[in-house]
>>> print(open('data-v1.txt').read())   # compact mmCIF, C-alpha atoms
# COMPACT_ATOMS: atom_id res chain seq x y z
CA MET Z 1 31.34 -23.01 -16.57
CA PRO Z 2 29.73 -26.15 -18.06
CA SER Z 3 30.41 -26.81 -21.71
CA ALA Z 4 27.77 -26.43 -24.39
CA ARG Z 5 24.89 -28.87 -24.43
CA PRO Z 6 25.06 -31.75 -26.93
CA GLU Z 7 21.96 -30.47 -28.71
CA GLU Z 8 22.55 -28.25 -31.73
CA ARG Z 9 19.99 -25.68 -30.62
CA PRO Z 10 20.93 -23.39 -27.71
CA LEU Z 11 18.73 -23.35 -24.63
CA ARG Z 12 16.20 -20.56 -25.22
CA VAL Z 13 15.67 -18.14 -22.32
CA PHE Z 14 12.97 -15.46 -22.02
CA LEU Z 15 13.39 -12.56 -19.56
CA VAL Z 16 10.52 -10.92 -17.67
CA ASP Z 17 11.28 -7.98 -15.37
CA ASP Z 18 9.96 -4.43 -15.16
CA GLN Z 19 13.46 -2.99 -14.70
CA GLN Z 20 15.36 -2.61 -17.94
CA LEU Z 21 18.75 -2.67 -16.22
CA VAL Z 22 17.91 -5.98 -14.56
CA ARG Z 23 16.90 -7.49 -17.90
CA ALA Z 24 20.09 -6.17 -19.48
CA GLY Z 25 22.16 -7.80 -16.76
CA PHE Z 26 20.41 -11.13 -17.18
CA ARG Z 27 20.80 -10.91 -20.95
CA MET Z 28 24.54 -10.32 -20.71
CA LEU Z 29 24.92 -13.26 -18.32
CA VAL Z 30 22.80 -15.68 -20.35
CA GLU Z 31 24.34 -14.77 -23.69
CA SER Z 32 27.83 -15.23 -22.27
CA GLN Z 33 27.10 -18.96 -22.30
CA PRO Z 34 27.74 -20.99 -25.46
CA ASP Z 35 24.68 -23.18 -24.84
CA MET Z 36 22.15 -20.40 -24.17
CA GLU Z 37 20.46 -17.54 -25.96
CA VAL Z 38 17.89 -14.90 -25.04
CA VAL Z 39 14.90 -15.18 -27.37
CA GLY Z 40 12.82 -12.34 -25.96
CA GLU Z 41 11.96 -10.17 -23.01
CA ALA Z 42 9.01 -8.34 -21.49
CA ALA Z 43 8.55 -5.58 -18.93
CA ASP Z 44 5.39 -6.96 -17.31
CA GLY Z 45 3.41 -10.15 -17.01
CA LEU Z 46 0.72 -9.25 -19.52
CA ASP Z 47 3.26 -8.55 -22.25
CA ALA Z 48 5.13 -11.73 -21.29
CA VAL Z 49 2.04 -13.92 -21.70
CA GLU Z 50 1.27 -12.49 -25.11
CA ARG Z 51 4.84 -12.80 -26.38
CA LEU Z 52 5.44 -16.28 -24.98
CA SER Z 53 2.28 -17.51 -26.66
CA VAL Z 54 4.05 -17.01 -30.00
CA THR Z 55 7.72 -17.20 -29.00
CA GLY Z 56 9.39 -20.55 -28.43
CA ALA Z 57 11.26 -20.59 -25.11
CA ASP Z 58 12.62 -23.30 -22.86
CA VAL Z 59 13.01 -21.36 -19.61
CA VAL Z 60 11.45 -18.11 -18.40
CA LEU Z 61 13.09 -15.96 -15.73
CA MET Z 62 10.00 -14.38 -14.14
CA ASP Z 63 10.06 -11.46 -11.73
CA VAL Z 64 7.25 -11.41 -9.16
CA ARG Z 65 6.29 -7.79 -8.63
CA MET Z 66 5.47 -6.05 -11.90
CA PRO Z 67 2.82 -3.61 -13.18
CA ARG Z 68 -0.35 -4.65 -15.05
CA MET Z 69 0.12 -8.37 -14.31
CA ASP Z 70 2.46 -9.79 -11.68
CA GLY Z 71 4.65 -12.85 -12.11
CA VAL Z 72 2.26 -15.20 -10.33
CA ALA Z 73 -0.69 -14.30 -12.53
CA ALA Z 74 1.52 -14.48 -15.62
CA THR Z 75 2.79 -17.93 -14.65
CA ARG Z 76 -0.76 -19.13 -14.11
CA ALA Z 77 -1.83 -17.73 -17.49
CA LEU Z 78 1.08 -19.44 -19.26
CA THR Z 79 0.18 -22.76 -17.62
CA GLU Z 80 -3.47 -22.41 -18.62
CA ARG Z 81 -2.47 -21.64 -22.22
CA GLY Z 82 -0.33 -24.76 -22.36
CA VAL Z 83 2.97 -22.91 -22.80
CA THR Z 84 5.63 -25.53 -22.11
CA ALA Z 85 8.44 -23.19 -21.08
CA ARG Z 86 9.55 -23.80 -17.49
CA VAL Z 87 9.27 -20.78 -15.22
CA VAL Z 88 11.86 -19.77 -12.65
CA VAL Z 89 10.34 -17.27 -10.22
CA LEU Z 90 12.75 -14.56 -9.12
CA THR Z 91 12.14 -12.80 -5.82
CA THR Z 92 13.92 -10.25 -3.67
CA PHE Z 93 12.91 -11.76 -0.34
CA ASP Z 94 13.45 -15.33 0.84
CA LEU Z 95 10.21 -17.24 1.50
CA ASP Z 96 8.13 -14.50 -0.07
CA GLU Z 97 4.46 -15.52 -0.11
CA TYR Z 98 4.44 -14.87 -3.84
CA VAL Z 99 6.95 -17.68 -4.34
CA TYR Z 100 4.58 -20.27 -2.90
CA ALA Z 101 1.77 -18.90 -5.04
CA GLY Z 102 4.06 -19.00 -8.06
CA LEU Z 103 4.88 -22.67 -7.56
CA ARG Z 104 1.21 -23.52 -7.24
CA ALA Z 105 0.54 -21.52 -10.40
CA GLY Z 106 2.94 -23.73 -12.35
CA ALA Z 107 6.45 -22.40 -11.78
CA SER Z 108 9.21 -24.98 -11.63
CA ALA Z 109 11.52 -23.24 -9.17
CA PHE Z 110 12.36 -20.07 -7.34
CA LEU Z 111 15.58 -18.17 -6.78
CA LEU Z 112 16.61 -15.00 -5.03
CA LYS Z 113 17.50 -12.17 -7.37
CA ASP Z 114 20.89 -11.78 -5.73
CA ALA Z 115 21.89 -15.40 -6.38
CA PRO Z 116 25.45 -15.73 -7.72
CA PRO Z 117 25.69 -15.90 -11.53
CA GLU Z 118 26.84 -19.52 -11.50
CA VAL Z 119 23.82 -20.48 -9.39
CA LEU Z 120 21.40 -18.80 -11.78
CA LEU Z 121 23.01 -20.40 -14.84
CA SER Z 122 23.00 -23.81 -13.19
CA ALA Z 123 19.34 -23.32 -12.24
CA ILE Z 124 18.39 -22.56 -15.85
CA ARG Z 125 20.04 -25.77 -17.03
CA ASP Z 126 18.60 -27.85 -14.18
CA VAL Z 127 15.06 -26.58 -14.69
CA HIS Z 128 15.29 -27.29 -18.40
CA ARG Z 129 16.23 -30.89 -17.60
CA GLY Z 130 13.27 -31.16 -15.26
CA ASP Z 131 15.35 -31.28 -12.10
CA ALA Z 132 14.44 -29.50 -8.90
CA VAL Z 133 16.31 -26.25 -8.43
CA VAL Z 134 14.94 -25.79 -4.93
CA ALA Z 135 16.17 -28.51 -2.60
CA PRO Z 136 13.17 -30.65 -1.54
CA SER Z 137 13.82 -29.87 2.13
CA ALA Z 138 13.81 -26.14 1.39
CA THR Z 139 10.58 -26.52 -0.56
CA ARG Z 140 9.01 -28.34 2.36
CA ARG Z 141 10.03 -25.59 4.79
CA MET Z 142 8.51 -23.02 2.46
CA LEU Z 143 5.24 -24.93 2.29
CA ASP Z 144 5.24 -25.29 6.08
CA ARG Z 145 5.63 -21.52 6.31
CA PHE Z 146 2.39 -21.03 4.39
CA ALA Z 147 0.38 -23.80 5.98
CA ASP Z 148 -2.66 -21.57 6.35
CA GLN Z 149 -3.09 -21.63 2.56
CA LEU Z 150 -3.27 -25.42 2.40
CA PRO Z 151 -6.55 -27.38 2.17
CA ASP Z 152 -8.27 -28.83 5.23
CA ASP Z 153 -8.58 -32.50 6.09
CA GLU Z 154 -12.16 -32.79 4.83
CA GLN Z 155 -11.38 -32.14 1.19
CA PRO Z 156 -12.35 -34.84 -1.35
CA PRO Z 157 -9.59 -37.13 -2.70
CA ASP Z 158 -7.44 -35.57 -5.39
CA PRO Z 159 -8.24 -37.28 -8.74
CA ARG Z 160 -4.59 -37.00 -9.78
CA LEU Z 161 -3.76 -39.70 -7.22
CA GLU Z 162 -6.28 -42.28 -8.38
CA ALA Z 163 -3.98 -43.95 -10.92
CA LEU Z 164 -1.01 -44.27 -8.56
CA THR Z 165 0.14 -47.64 -7.30
CA ASP Z 166 0.84 -48.13 -3.61
CA ARG Z 167 4.57 -47.93 -4.29
CA GLU Z 168 4.22 -44.72 -6.32
CA ARG Z 169 2.18 -43.15 -3.54
CA GLU Z 170 4.88 -44.17 -1.08
CA VAL Z 171 7.57 -42.56 -3.24
CA LEU Z 172 5.46 -39.41 -3.54
CA LEU Z 173 5.25 -39.15 0.24
CA LEU Z 174 9.00 -39.49 0.57
CA VAL Z 175 9.61 -36.86 -2.11
CA ALA Z 176 7.29 -34.49 -0.27
CA GLN Z 177 9.13 -35.15 2.99
CA GLY Z 178 12.32 -33.81 1.45
CA LEU Z 179 14.22 -37.01 0.72
CA SER Z 180 16.65 -37.22 -2.18
CA ASN Z 181 16.59 -40.11 -4.65
CA THR Z 182 19.46 -41.75 -2.79
CA GLU Z 183 17.64 -41.42 0.53
CA ILE Z 184 14.41 -42.76 -0.94
CA ALA Z 185 16.28 -45.75 -2.35
CA GLY Z 186 17.76 -46.47 1.06
CA SER Z 187 14.41 -46.11 2.79
CA LEU Z 188 12.66 -48.49 0.39
CA PHE Z 189 15.64 -50.85 -0.05
CA VAL Z 190 15.61 -50.46 -3.83
CA ALA Z 191 18.14 -49.25 -6.40
CA GLU Z 192 18.32 -45.54 -7.18
CA PRO Z 193 17.44 -46.08 -10.88
CA THR Z 194 14.24 -47.73 -9.65
CA VAL Z 195 13.40 -44.60 -7.69
CA LYS Z 196 14.01 -42.48 -10.79
CA THR Z 197 11.64 -44.73 -12.73
CA HIS Z 198 8.94 -44.32 -10.09
CA ILE Z 199 9.36 -40.54 -10.10
CA GLY Z 200 9.12 -40.49 -13.88
CA ARG Z 201 5.85 -42.37 -13.68
CA LEU Z 202 4.60 -40.02 -10.97
CA LEU Z 203 5.32 -37.02 -13.17
CA SER Z 204 3.50 -38.62 -16.10
CA LYS Z 205 0.45 -39.84 -14.19
CA THR Z 206 -0.10 -36.64 -12.21
CA GLY Z 207 0.72 -34.23 -15.02
CA SER Z 208 3.42 -32.62 -12.90
CA ARG Z 209 6.29 -30.85 -14.61
CA ASP Z 210 8.99 -31.65 -12.07
CA ARG Z 211 9.85 -32.67 -8.54
CA VAL Z 212 8.81 -29.33 -7.05
CA GLN Z 213 5.32 -29.75 -8.48
CA LEU Z 214 5.12 -33.22 -6.92
CA VAL Z 215 5.78 -31.69 -3.52
CA VAL Z 216 3.05 -29.10 -4.07
CA LEU Z 217 0.67 -31.87 -5.17
CA ALA Z 218 1.33 -33.89 -2.02
CA TYR Z 219 0.50 -30.89 0.14
CA ASP Z 220 -2.53 -29.90 -1.94
CA ALA Z 221 -3.88 -33.44 -1.69
CA GLY Z 222 -3.40 -33.51 2.05
CA LEU Z 223 -0.94 -36.44 1.94
CA VAL Z 224 1.57 -34.42 3.92
CA ARG Z 225 0.65 -31.96 6.64
CA PRO Z 226 2.85 -29.02 7.65
CA ALA Z 227 5.09 -29.44 10.64
CA PRO Z 228 3.71 -27.98 13.89
>>> encode(input="data-v1.txt", output="structure tokens")
Amino acid sequence: MPSARPEERPLRVFLVDDQQLVRAGFRMLVESQPDMEVVGEAADGLDAVERLSVTGADVVLMDVRMPRMDGVAATRALTERGVTARVVVLTTFDLDEYVYAGLRAGASAFLLKDAPPEVLLSAIRDVHRGDAVVAPSATRRMLDRFADQLPDDEQPPDPRLEALTDREREVLLLVAQGLSNTEIAGSLFVAEPTVKTHIGRLLSKTGSRDRVQLVVLAYDAGLVRPAP
């Protein structure tokens, strides 16, 4: 397992699942790490929104199907309230339609509930750093799967794209097409640190939390159309 983070404060994790045994399992796993701690938990989305509004957390493990308020609605509510914790949507079924909705609502990633412990722990750390947990190509396939939910070609231009330079727009397209930083650098004949700089500016200008949200933006804005 990775060693503790250099920061003095442990990475704060909040658990949201309607099954107590599931939460207990996640708690045991998270608290087995020297660089993590569980700062709270909730049994449904409504309780999670209320508690996270007053509880500092870095990452939220969010179940999808729950009573009173599901994980998608809870994620959307947290985003609207300006809660900065990054949400990892947990689902039982691969390519569940709720996952796509969760990403559009503001989640940073999705994982299957039966992911190996090391994958979940790595995902928590990666999401906290702002990295994409879902491989860009996998994200693209998921968005292709739900093409009928995407906007049509006659929609007005997305205002989030107005401040982008031609190069930043080009990088955004390549991100949405599933290319890694290394692949983007090779495609544009630039250094990889330059690509990272462009992506940082894209995140800032568009108000996106991470790479996954950039992919969703590109599809929402109609820059990339689903594969036939």
>>> atom_distance(input="data-v1.txt", atom1="CA of Arg86 (chain Z)", atom2="CA of Val59 (chain Z)")
4.7 Å
>>> residues_around(input="data-v1.txt", residues="Ala43 (chain Z)", least_positions_apart="2", cutoff="7 Å", atoms="all atoms listed in the file", output="list in words")
Val16, Asp17, Asp18, Gln19 and Asp47 of chain Z
>>> write_last_selection(input="data-v1.txt", atoms="C-alpha atoms", output="mmCIF file, in the frame of the given file")
data_model
loop_
_atom_site.group_PDB
_atom_site.id
_atom_site.type_symbol
_atom_site.label_atom_id
_atom_site.label_comp_id
_atom_site.auth_asym_id
_atom_site.auth_seq_id
_atom_site.Cartn_x
_atom_site.Cartn_y
_atom_site.Cartn_z
ATOM 1 C CA VAL Z 16 10.520 -10.920 -17.670
ATOM 2 C CA ASP Z 17 11.280 -7.980 -15.370
ATOM 3 C CA ASP Z 18 9.960 -4.430 -15.160
ATOM 4 C CA GLN Z 19 13.460 -2.990 -14.700
ATOM 5 C CA ASP Z 47 3.260 -8.550 -22.250
#
>>> atom_distance(input="data-v1.txt", atom1="CA of Leu52 (chain Z)", atom2="CA of Arg23 (chain Z)")
16.1 Å
>>> residues_around(input="data-v1.txt", residues="region 179-181 of chain Z", least_positions_apart="4", cutoff="10 Å", atoms="only C-alpha atoms", output="number ranges by chain")
Z: 135-137, 171, 173-175, 185-187, 191-196, 199
>>> write_last_selection(input="data-v1.txt", atoms="C-alpha atoms", output="compact mmCIF listing (two decimals), in the coordinates of the input")
# COMPACT_ATOMS: atom_id res chain seq x y z
CA ALA Z 135 16.17 -28.51 -2.60
CA PRO Z 136 13.17 -30.65 -1.54
CA SER Z 137 13.82 -29.87 2.13
CA VAL Z 171 7.57 -42.56 -3.24
CA LEU Z 173 5.25 -39.15 0.24
CA LEU Z 174 9.00 -39.49 0.57
CA VAL Z 175 9.61 -36.86 -2.11
CA ALA Z 185 16.28 -45.75 -2.35
CA GLY Z 186 17.76 -46.47 1.06
CA SER Z 187 14.41 -46.11 2.79
CA ALA Z 191 18.14 -49.25 -6.40
CA GLU Z 192 18.32 -45.54 -7.18
CA PRO Z 193 17.44 -46.08 -10.88
CA THR Z 194 14.24 -47.73 -9.65
CA VAL Z 195 13.40 -44.60 -7.69
CA LYS Z 196 14.01 -42.48 -10.79
CA ILE Z 199 9.36 -40.54 -10.10
>>> closest_atom_pairs(input="data-v1.txt", of="region 12-69 of chain Z", to="region 97-111 of chain Z", cutoff="10 Å", atoms="all atoms listed in the file", output="JSON lines")
{"residue": "Z:Val59", "atom": "CA", "partner": "Z:Ser108", "partner_atom": "CA", "distance": 9.6}
{"residue": "Z:Val60", "atom": "CA", "partner": "Z:Ala107", "partner_atom": "CA", "distance": 9.3}
{"residue": "Z:Leu61", "atom": "CA", "partner": "Z:Phe110", "partner_atom": "CA", "distance": 9.4}
{"residue": "Z:Met62", "atom": "CA", "partner": "Z:Ala107", "partner_atom": "CA", "distance": 9.1}
{"residue": "Z:Asp63", "atom": "CA", "partner": "Z:Phe110", "partner_atom": "CA", "distance": 9.9}
{"residue": "Z:Val64", "atom": "CA", "partner": "Z:Tyr98", "partner_atom": "CA", "distance": 6.9}
{"residue": "Z:Arg65", "atom": "CA", "partner": "Z:Tyr98", "partner_atom": "CA", "distance": 8.7}
>>> atom_distance(input="data-v1.txt", atom1="CA of Arg81 (chain Z)", atom2="CA of Ser208 (chain Z)")
15.6 Å
>>> residues_around(input="data-v1.txt", residues="Ala85 (chain Z)", least_positions_apart="6", cutoff="12 Å", atoms="all atoms listed in the file", output="mmCIF file with C-alpha atoms, in the coordinates of the input")
data_model
loop_
_atom_site.group_PDB
_atom_site.id
_atom_site.type_symbol
_atom_site.label_atom_id
_atom_site.label_comp_id
_atom_site.auth_asym_id
_atom_site.auth_seq_id
_atom_site.Cartn_x
_atom_site.Cartn_y
_atom_site.Cartn_z
ATOM 1 C CA LEU Z 11 18.730 -23.350 -24.630
ATOM 2 C CA ARG Z 12 16.200 -20.560 -25.220
ATOM 3 C CA VAL Z 13 15.670 -18.140 -22.320
ATOM 4 C CA PHE Z 14 12.970 -15.460 -22.020
ATOM 5 C CA LEU Z 15 13.390 -12.560 -19.560
ATOM 6 C CA ALA Z 48 5.130 -11.730 -21.290
ATOM 7 C CA VAL Z 49 2.040 -13.920 -21.700
ATOM 8 C CA LEU Z 52 5.440 -16.280 -24.980
ATOM 9 C CA SER Z 53 2.280 -17.510 -26.660
ATOM 10 C CA VAL Z 54 4.050 -17.010 -30.000
ATOM 11 C CA THR Z 55 7.720 -17.200 -29.000
ATOM 12 C CA GLY Z 56 9.390 -20.550 -28.430
ATOM 13 C CA ALA Z 57 11.260 -20.590 -25.110
ATOM 14 C CA ASP Z 58 12.620 -23.300 -22.860
ATOM 15 C CA VAL Z 59 13.010 -21.360 -19.610
ATOM 16 C CA VAL Z 60 11.450 -18.110 -18.400
ATOM 17 C CA LEU Z 61 13.090 -15.960 -15.730
ATOM 18 C CA MET Z 62 10.000 -14.380 -14.140
ATOM 19 C CA THR Z 75 2.790 -17.930 -14.650
ATOM 20 C CA LEU Z 78 1.080 -19.440 -19.260
ATOM 21 C CA THR Z 79 0.180 -22.760 -17.620
ATOM 22 C CA GLY Z 106 2.940 -23.730 -12.350
ATOM 23 C CA ALA Z 107 6.450 -22.400 -11.780
ATOM 24 C CA SER Z 108 9.210 -24.980 -11.630
ATOM 25 C CA ILE Z 124 18.390 -22.560 -15.850
ATOM 26 C CA VAL Z 127 15.060 -26.580 -14.690
ATOM 27 C CA HIS Z 128 15.290 -27.290 -18.400
ATOM 28 C CA ARG Z 129 16.230 -30.890 -17.600
ATOM 29 C CA GLY Z 130 13.270 -31.160 -15.260
ATOM 30 C CA ARG Z 209 6.290 -30.850 -14.610
#
>>> closest_residue(input="data-v1.txt", among="Z:Gly222, Z:Pro157, Z:Pro34, Z:Gly40", to="Leu121 (chain Z)", atoms="all atoms listed in the file")
Z:Pro34
>>> residues_near_point(input="data-v1.txt", point="(3.7, -45.9, -3.1)", cutoff="12 Å", atoms="only C-alpha atoms", output="short mmCIF file (atom, residue, chain, number, x, y, z; two decimals) with C-alpha atoms, in the coordinates of the input")
data_model
loop_
_atom_site.label_atom_id
_atom_site.label_comp_id
_atom_site.auth_asym_id
_atom_site.auth_seq_id
_atom_site.Cartn_x
_atom_site.Cartn_y
_atom_site.Cartn_z
CA LEU Z 161 -3.76 -39.70 -7.22
CA GLU Z 162 -6.28 -42.28 -8.38
CA ALA Z 163 -3.98 -43.95 -10.92
CA LEU Z 164 -1.01 -44.27 -8.56
CA THR Z 165 0.14 -47.64 -7.30
CA ASP Z 166 0.84 -48.13 -3.61
CA ARG Z 167 4.57 -47.93 -4.29
CA GLU Z 168 4.22 -44.72 -6.32
CA ARG Z 169 2.18 -43.15 -3.54
CA GLU Z 170 4.88 -44.17 -1.08
CA VAL Z 171 7.57 -42.56 -3.24
CA LEU Z 172 5.46 -39.41 -3.54
CA LEU Z 173 5.25 -39.15 0.24
CA LEU Z 174 9.00 -39.49 0.57
CA VAL Z 175 9.61 -36.86 -2.11
CA ILE Z 184 14.41 -42.76 -0.94
CA LEU Z 188 12.66 -48.49 0.39
CA VAL Z 195 13.40 -44.60 -7.69
CA HIS Z 198 8.94 -44.32 -10.09
CA ILE Z 199 9.36 -40.54 -10.10
CA ARG Z 201 5.85 -42.37 -13.68
CA LEU Z 202 4.60 -40.02 -10.97
CA LEU Z 223 -0.94 -36.44 1.94
#
>>> closest_residue(input="data-v1.txt", among="Z:Gln213, Z:Val30, Z:Ser204, Z:Ala218", to="Gln177 (chain Z)", atoms="all atoms listed in the file")
Z:Ala218
>>> closest_residue(input="data-v1.txt", among="Z:Met66, Z:Leu217, Z:Glu50, Z:Val88", to="Ser122 (chain Z)", atoms="only C-alpha atoms")
Z:Val88
>>> closest_residue(input="data-v1.txt", among="Z:Phe26, Z:Gly178, Z:Arg9, Z:Ala221", to="Glu118 (chain Z)", atoms="all atoms listed in the file")
Z:Phe26
